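Participant: Right, I'll just put the structure down here and ask away after.
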Amino acid sequence: MWGHFWKNLGGITDAELDWRPHPTANPVRWIVGHLTWFEEWAHDAIAGEGRYATDDGPNAYLDETFAAVRARFEAARARYRRRIAALTSADLDRKVTYLKRYDVTILELLKTHALHLAGHRYQIRYIRGAYARAHGMRKQDFDPW
């Protein structure tokens, strides 16, 4: 999923990053910033520290360049993967509170994390497809399906 996600973002411009299919919709830039934030939050939820202790709702990084957000996302991804590699079977049954709303096991959080990235990847494909159609571009250049 990770590799496909970045392929779907290949060649994206700042104009396209900030384009909204509807005035109240989130643009691709927000989605990538949100996924970056969630990567950090999910790590911290497993560890019981950091953003898990302070953040009570979804957030996004928007005050950085796209290159900086990507670097932050990649670093957070590596950190998260190291954290899950160290989990034991007993850890999977431990409960955490999902965004201070309801309890989930660590296993349920891991499943949600994977589905979260996949869901937003398809959202980005939709937005980029709509942008391509509205601006006379070839969708196949970033989404070869």
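Here's how to read the names in the structure tokens: chain A, B, ... by the order shown, residue numbers from 1 in each chain, ligand numbers from 1 in the order shown.
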As number ranges by chain, please: the residues near range 129-141 of chain A (cut-off 8 Å, only C-alpha atoms, same-chain neighbours under 4 positions excluded).

Facilitator: A: 16, 19, 21, 125, 145

Participant: Just C-alpha atoms for this one: save the residues we selected as a short mmCIF file (atom, residue, chain, number, x, y, z; two decimals), in the first residue's frame.

Facilitator:
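Result went into out_17.cif, see below:
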```cif
data_model
loop_
_atom_site.label_atom_id
_atom_site.label_comp_id
_atom_site.auth_asym_id
_atom_site.auth_seq_id
_atom_site.Cartn_x
_atom_site.Cartn_y
_atom_site.Cartn_z
CA GLU A 16 -3.20 20.07 -7.67
CA TRP A 19 -7.38 21.78 -5.47
CA PRO A 21 -13.46 19.00 -5.89
CA ARG A 125 -7.05 8.79 -6.45
CA TRP A 145 -5.46 1.33 -13.61
#
```

Participant: Write out as a PyMOL selection string which residues come within 8 Å of range 63-76 of chain A when counting only C-alpha atoms, dropping same-chain ones fewer than 3 positions away.

Facilitator: chain A and resi 29+32-33+35-37+39-40+79-80

Participant: Check range 18-135 of chain A with DSSP on the backbone and list each residue it calls alpha helix (DSSP H), as number ranges by chain.

Facilitator: A: 28-47, 51-54, 66-85, 89-93, 106-134

Participant: Per DSSP on the backbone, what are the strand (DSSP E) residues of chain A, as a ChimeraX atom specification?

Facilitator: /A:95-98,102-105

Participant: With only C-alpha atoms as the counted atoms, please give the residues lying no more than 9 Å from Leu117 in chain A, apart from itself and same-chain residues fewer than 6 positions off, as a PyMOL selection string.

Facilitator: chain A and resi 1-2+5+35

Participant: Using Å and a single decimal, report how far CA of Tyr122 in chain A sits from CA of Tyr98 in chain A.

Facilitator: 22.9 Å

Participant: I need the residue nearest Ile31 in chain A from this list: A:Thr97, A:Thr13, A:Asn59, A:Asn8. Use only C-alpha atoms for the distance.

Facilitator: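 Looking only at the distances to Ile31 in chain A, the closest residue turns out to be A:Asn59.
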
Participant: Would you list the contacts of Leu109 in chain A as a list in words, taking every protein, DNA or RNA residue within 9 Å and counting only C-alpha atoms, but skipping same-chain residues closer than 4 positions in sequence?

Facilitator: Ala42, Ala45, Ile46, Val96, Tyr98, Val104, Thr105, His113 and Ala114 of chain A

Participant: Find the spatial neighbours of Leu107 in chain A, counting only C-alpha atoms, within a cut-off of 9 Å - ignore same-chain residues fewer than 6 positions away - and output them as a ChimeraX atom specification.

Facilitator: /A:91-95

Participant: Print the selection's residues with C-alpha atoms to a file, as a compact mmCIF listing (two decimals), in the first residue's frame.

Facilitator:
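Just written: part13.txt:
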```
# COMPACT_ATOMS: atom_id res chain seq x y z
CA ASP A 91 0.63 -6.37 23.61
CA LEU A 92 -2.00 -7.03 20.93
CA ASP A 93 -4.73 -7.48 23.55
CA ARG A 94 -3.83 -4.30 25.46
CA LYS A 95 -6.41 -1.53 25.09
```
